[in-house]
>>> print(open('structure-v5.cif').read())   # mmCIF, C-alpha atoms
data_model
loop_
_atom_site.group_PDB
_atom_site.id
_atom_site.type_symbol
_atom_site.label_atom_id
_atom_site.label_comp_id
_atom_site.auth_asym_id
_atom_site.auth_seq_id
_atom_site.Cartn_x
_atom_site.Cartn_y
_atom_site.Cartn_z
ATOM 1 C CA MET A 209 107.653 116.820 85.052
ATOM 2 C CA THR A 210 109.769 115.663 87.987
ATOM 3 C CA PRO A 211 108.536 113.116 90.542
ATOM 4 C CA SER A 212 108.174 115.971 93.050
ATOM 5 C CA GLU A 213 106.140 118.085 90.645
ATOM 6 C CA LEU A 214 103.876 115.145 89.839
ATOM 7 C CA LEU A 215 103.196 114.401 93.507
ATOM 8 C CA ILE A 216 102.622 118.069 94.320
ATOM 9 C CA GLU A 217 100.066 118.280 91.505
ATOM 10 C CA ALA A 218 98.269 115.207 92.852
ATOM 11 C CA PHE A 219 98.380 116.253 96.531
ATOM 12 C CA SER A 220 97.130 119.718 95.521
ATOM 13 C CA ARG A 221 93.791 118.287 94.438
ATOM 14 C CA VAL A 222 92.917 116.949 97.891
ATOM 15 C CA PRO A 223 92.205 120.233 99.758
ATOM 16 C CA SER A 224 89.790 121.512 97.107
ATOM 17 C CA THR A 225 87.972 118.169 96.984
ATOM 18 C CA VAL A 226 87.556 118.194 100.764
ATOM 19 C CA ALA A 227 86.534 121.874 100.769
ATOM 20 C CA ARG A 228 83.730 121.117 98.290
ATOM 21 C CA ALA A 229 82.528 118.259 100.504
ATOM 22 C CA VAL A 230 82.307 120.315 103.708
ATOM 23 C CA GLU A 231 81.423 123.723 102.208
ATOM 24 C CA GLY A 232 78.458 125.495 103.767
ATOM 25 C CA LEU A 233 77.655 122.778 106.293
ATOM 26 C CA SER A 234 77.128 123.282 110.025
ATOM 27 C CA GLU A 235 78.998 121.333 112.691
ATOM 28 C CA ASP A 236 75.868 119.239 113.234
ATOM 29 C CA GLN A 237 75.644 118.439 109.521
ATOM 30 C CA LEU A 238 79.364 117.612 109.385
ATOM 31 C CA ALA A 239 78.882 115.238 112.330
ATOM 32 C CA SER A 240 75.875 113.437 110.835
ATOM 33 C CA ARG A 241 76.133 109.957 109.339
ATOM 34 C CA PRO A 242 74.585 108.576 106.166
ATOM 35 C CA ALA A 243 74.013 105.251 107.981
ATOM 36 C CA THR A 244 74.498 103.862 111.478
ATOM 37 C CA GLY A 245 78.200 103.507 112.210
ATOM 38 C CA ALA A 246 79.341 105.203 108.992
ATOM 39 C CA ASN A 247 82.088 107.811 109.015
ATOM 40 C CA THR A 248 81.057 111.451 109.252
ATOM 41 C CA LEU A 249 82.244 114.252 107.001
ATOM 42 C CA ALA A 250 84.008 115.836 109.980
ATOM 43 C CA TRP A 251 85.886 112.619 110.737
ATOM 44 C CA LEU A 252 86.810 112.046 107.088
ATOM 45 C CA ALA A 253 88.191 115.575 106.649
ATOM 46 C CA TRP A 254 90.049 115.452 109.978
ATOM 47 C CA HIS A 255 91.461 111.983 109.295
ATOM 48 C CA ILE A 256 92.714 112.986 105.832
ATOM 49 C CA ALA A 257 94.692 115.829 107.362
ATOM 50 C CA ARG A 258 95.869 113.866 110.414
ATOM 51 C CA GLY A 259 97.104 110.878 108.426
ATOM 52 C CA GLN A 260 98.905 113.048 105.907
ATOM 53 C CA ASP A 261 100.358 115.246 108.646
ATOM 54 C CA ALA A 262 101.718 112.356 110.718
ATOM 55 C CA GLN A 263 103.207 110.468 107.805
ATOM 56 C CA ILE A 264 104.789 113.491 106.103
ATOM 57 C CA ALA A 265 106.264 114.603 109.442
ATOM 58 C CA ASP A 266 107.699 111.117 109.893
ATOM 59 C CA LEU A 267 109.301 111.170 106.441
ATOM 60 C CA ALA A 268 110.586 114.726 106.904
ATOM 61 C CA GLY A 269 111.829 114.099 110.437
ATOM 62 C CA SER A 270 109.794 117.051 111.701
ATOM 63 C CA GLU A 271 107.090 117.733 114.250
ATOM 64 C CA GLN A 272 103.520 117.365 113.052
ATOM 65 C CA VAL A 273 101.578 120.507 112.130
ATOM 66 C CA TRP A 274 98.896 119.230 114.532
ATOM 67 C CA THR A 275 101.078 119.873 117.576
ATOM 68 C CA ALA A 276 103.661 122.350 116.261
ATOM 69 C CA ASP A 277 101.088 124.883 115.109
ATOM 70 C CA GLY A 278 98.478 124.430 117.854
ATOM 71 C CA TRP A 279 95.803 122.647 115.831
ATOM 72 C CA VAL A 280 95.371 120.044 118.565
ATOM 73 C CA GLU A 281 94.275 122.802 120.961
ATOM 74 C CA ARG A 282 92.080 124.540 118.380
ATOM 75 C CA PHE A 283 90.181 121.323 117.712
ATOM 76 C CA GLY A 284 89.933 120.370 121.394
ATOM 77 C CA LEU A 285 89.031 116.763 120.600
ATOM 78 C CA PRO A 286 88.745 114.231 123.444
ATOM 79 C CA PHE A 287 91.648 112.093 122.178
ATOM 80 C CA PRO A 288 95.376 111.923 122.797
ATOM 81 C CA ALA A 289 97.378 114.270 120.558
ATOM 82 C CA GLU A 290 98.762 111.301 118.609
ATOM 83 C CA ALA A 291 95.285 110.065 117.533
ATOM 84 C CA LEU A 292 94.925 109.828 113.758
ATOM 85 C CA GLY A 293 91.587 108.118 113.344
ATOM 86 C CA TYR A 294 92.921 104.628 112.587
ATOM 87 C CA GLY A 295 91.045 101.992 114.557
ATOM 88 C CA MET A 296 88.614 104.449 116.158
ATOM 89 C CA SER A 297 85.319 103.137 117.443
ATOM 90 C CA ARG A 298 81.998 104.325 116.052
ATOM 91 C CA ASP A 299 81.569 106.452 119.154
ATOM 92 C CA ASP A 300 84.989 108.055 118.707
ATOM 93 C CA VAL A 301 84.223 108.864 115.069
ATOM 94 C CA GLY A 302 81.127 110.705 116.304
ATOM 95 C CA ARG A 303 83.220 112.741 118.746
ATOM 96 C CA VAL A 304 85.075 114.476 115.926
ATOM 97 C CA ARG A 305 83.212 117.759 115.749
ATOM 98 C CA ALA A 306 84.571 120.838 114.028
ATOM 99 C CA SER A 307 83.567 123.630 111.694
ATOM 100 C CA ALA A 308 84.240 123.496 107.984
ATOM 101 C CA ASP A 309 86.615 126.445 108.412
ATOM 102 C CA LEU A 310 88.640 124.622 111.064
ATOM 103 C CA LEU A 311 88.801 121.399 109.041
ATOM 104 C CA ASN A 312 89.811 123.251 105.883
ATOM 105 C CA GLY A 313 92.336 125.392 107.736
ATOM 106 C CA TYR A 314 94.117 122.403 109.205
ATOM 107 C CA LEU A 315 94.176 120.564 105.867
ATOM 108 C CA ARG A 316 95.561 123.674 104.116
ATOM 109 C CA ALA A 317 98.331 123.942 106.750
ATOM 110 C CA VAL A 318 99.185 120.255 106.308
ATOM 111 C CA HIS A 319 99.123 120.685 102.542
ATOM 112 C CA GLU A 320 101.597 123.576 102.734
ATOM 113 C CA ARG A 321 103.968 121.386 104.779
ATOM 114 C CA THR A 322 103.516 118.505 102.320
ATOM 115 C CA VAL A 323 104.278 120.704 99.310
ATOM 116 C CA ALA A 324 107.352 122.151 101.016
ATOM 117 C CA TYR A 325 108.650 118.687 101.883
ATOM 118 C CA VAL A 326 107.902 117.033 98.543
ATOM 119 C CA GLY A 327 109.238 120.058 96.683
ATOM 120 C CA SER A 328 112.564 119.690 98.494
ATOM 121 C CA LEU A 329 113.115 116.132 97.253
ATOM 122 C CA ALA A 330 115.543 115.235 94.499
ATOM 123 C CA PRO A 331 114.701 112.187 92.358
ATOM 124 C CA GLU A 332 117.128 109.984 94.316
ATOM 125 C CA ASP A 333 115.356 110.920 97.594
ATOM 126 C CA PHE A 334 112.416 108.696 96.649
ATOM 127 C CA ASP A 335 114.543 105.520 96.724
ATOM 128 C CA PRO A 336 115.601 105.005 100.377
ATOM 129 C CA VAL A 337 113.725 102.339 102.318
ATOM 130 C CA VAL A 338 111.653 103.898 105.099
ATOM 131 C CA ASP A 339 109.940 100.725 106.366
ATOM 132 C CA ASP A 340 111.467 97.280 106.054
ATOM 133 C CA ALA A 341 108.595 95.551 107.850
ATOM 134 C CA TRP A 342 106.941 94.899 104.461
ATOM 135 C CA ASP A 343 107.860 92.662 101.557
ATOM 136 C CA PRO A 344 108.994 94.377 99.488
ATOM 137 C CA PRO A 345 110.344 97.054 101.826
ATOM 138 C CA VAL A 346 108.640 100.455 101.502
ATOM 139 C CA THR A 347 110.620 103.266 99.888
ATOM 140 C CA ALA A 348 110.020 106.960 100.506
ATOM 141 C CA GLY A 349 108.393 107.199 97.065
ATOM 142 C CA ALA A 350 106.065 104.279 97.742
ATOM 143 C CA ARG A 351 105.115 105.790 101.121
ATOM 144 C CA LEU A 352 104.234 109.106 99.477
ATOM 145 C CA VAL A 353 102.037 107.311 96.943
ATOM 146 C CA SER A 354 100.372 105.411 99.810
ATOM 147 C CA ILE A 355 99.681 108.656 101.697
ATOM 148 C CA LEU A 356 98.228 110.226 98.558
ATOM 149 C CA ASP A 357 96.097 107.161 97.841
ATOM 150 C CA ASP A 358 94.619 107.236 101.350
ATOM 151 C CA CYS A 359 93.883 110.966 101.054
ATOM 152 C CA THR A 360 92.176 110.679 97.671
ATOM 153 C CA GLN A 361 90.091 107.686 98.719
ATOM 154 C CA HIS A 362 88.815 109.474 101.820
ATOM 155 C CA ALA A 363 88.255 112.730 99.911
ATOM 156 C CA GLY A 364 86.091 110.815 97.425
ATOM 157 C CA GLN A 365 84.231 109.218 100.320
ATOM 158 C CA ALA A 366 83.588 112.683 101.764
ATOM 159 C CA GLY A 367 82.025 113.852 98.522
ATOM 160 C CA TYR A 368 79.889 110.734 98.397
ATOM 161 C CA VAL A 369 78.765 111.129 102.020
ATOM 162 C CA ARG A 370 77.781 114.732 101.337
ATOM 163 C CA GLY A 371 75.669 113.577 98.399
ATOM 164 C CA LEU A 372 74.005 110.832 100.429
ATOM 165 C CA LEU A 373 73.196 113.152 103.309
ATOM 166 C CA PHE A 374 72.050 116.279 101.566
ATOM 167 C CA PHE A 375 71.110 115.639 97.942
ATOM 168 C CA ASN A 376 69.317 112.299 97.871
ATOM 169 C CA ARG A 377 66.350 113.108 100.069
#
>>> encode(input="structure-v5.cif", output="structure tokens")
Amino acid sequence: MTPSELLIEAFSRVPSTVARAVEGLSEDQLASRPATGANTLAWLAWHIARGQDAQIADLAGSEQVWTADGWVERFGLPFPAEALGYGMSRDDVGRVRASADLLNGYLRAVHERTVAYVGSLAPEDFDPVVDDAWDPPVTAGARLVSILDDCTQHAGQAGYVRGLLFFNR
């Protein structure tokens, strides 16, 4: 298995995990919180896609799916187009409202772009430094692992939030 194939296999698990977490829920349910100030399912699903989209676009030197394919308009969120979810206030987290279909659609579109990008990489493409602000400097391969790690952590959180909200009552 090549590094690209391994990463594609791992990234390919995220959309189905998120889909299971948001499946069959209304916008109100997706926007509910398991505790005061906690992240919502809608925010978690949106943030997974936004973070992956922005970082893959940066690595690929391409426009984000969010703006290139009109997702920003479809969501109609009250944030600047460049918002990713990092550092958002509790109130802002609550303003992320969307249907499960919209959340899943955006994540699937981001996933397709991710697979296309990662699939185009040769083994030596993982080695260049993409961020020298860290010690050690971050390579393209390390950045991809970081993106994947963030996605899988938040996808697991989404499944947990769903369980807290709808199966433990």
>>> residues_around(input="structure-v5.cif", residues="range 269-278 of chain A", least_positions_apart="5", cutoff="12 Å", atoms="all atoms listed in the file", output="PyMOL selection string")
chain A and resi 254-255+257-264+283-285+288-292+310-311+313-322+325+338
>>> closest_residue(input="structure-v5.cif", among="A:Leu373, A:Leu249, A:Ile216, A:Leu267", to="Ala350 in chain A", atoms="all atoms listed in the file")
A:Leu267
>>> residues_around(input="structure-v5.cif", residues="Asp335 in chain A", least_positions_apart="5", cutoff="12 Å", atoms="all atoms listed in the file", output="PyMOL selection string")
chain A and resi 211+329-330+345-352
>>> residues_around(input="structure-v5.cif", residues="Val353 in chain A", least_positions_apart="6", cutoff="10 Å", atoms="all atoms listed in the file", output="PyMOL selection string")
chain A and resi 215+218-219+347+359
>>> residues_around(input="structure-v5.cif", residues="Gly371 in chain A", least_positions_apart="3", cutoff="12 Å", atoms="only C-alpha atoms", output="list in words")
Arg228, Ala229, Val230, Arg241, Pro242, Leu249, Gly364, Gln365, Ala366, Gly367, Tyr368, Phe374, Phe375, Asn376 and Arg377 of chain A
>>> closest_residue(input="structure-v5.cif", among="A:Pro344, A:Leu214, A:Ser240, A:Gln361", to="Ile256 in chain A", atoms="only C-alpha atoms")
A:Gln361
>>> closest_residue(input="structure-v5.cif", among="A:Ala268, A:Ala363, A:Ala227, A:Ala324", to="Ser307 in chain A", atoms="all atoms listed in the file")
A:Ala227
>>> closest_residue(input="structure-v5.cif", among="A:Ala265, A:Ala341, A:Leu372, A:Asp333", to="Ile355 in chain A", atoms="all atoms listed in the file")
A:Ala265
>>> atom_distance(input="structure-v5.cif", atom1="CA of Val304 in chain A", atom2="CA of Trp251 in chain A")
5.6 Å
>>> closest_residue(input="structure-v5.cif", among="A:Val222, A:Ala306, A:Val301, A:Leu233", to="Leu356 in chain A", atoms="only C-alpha atoms")
A:Val222
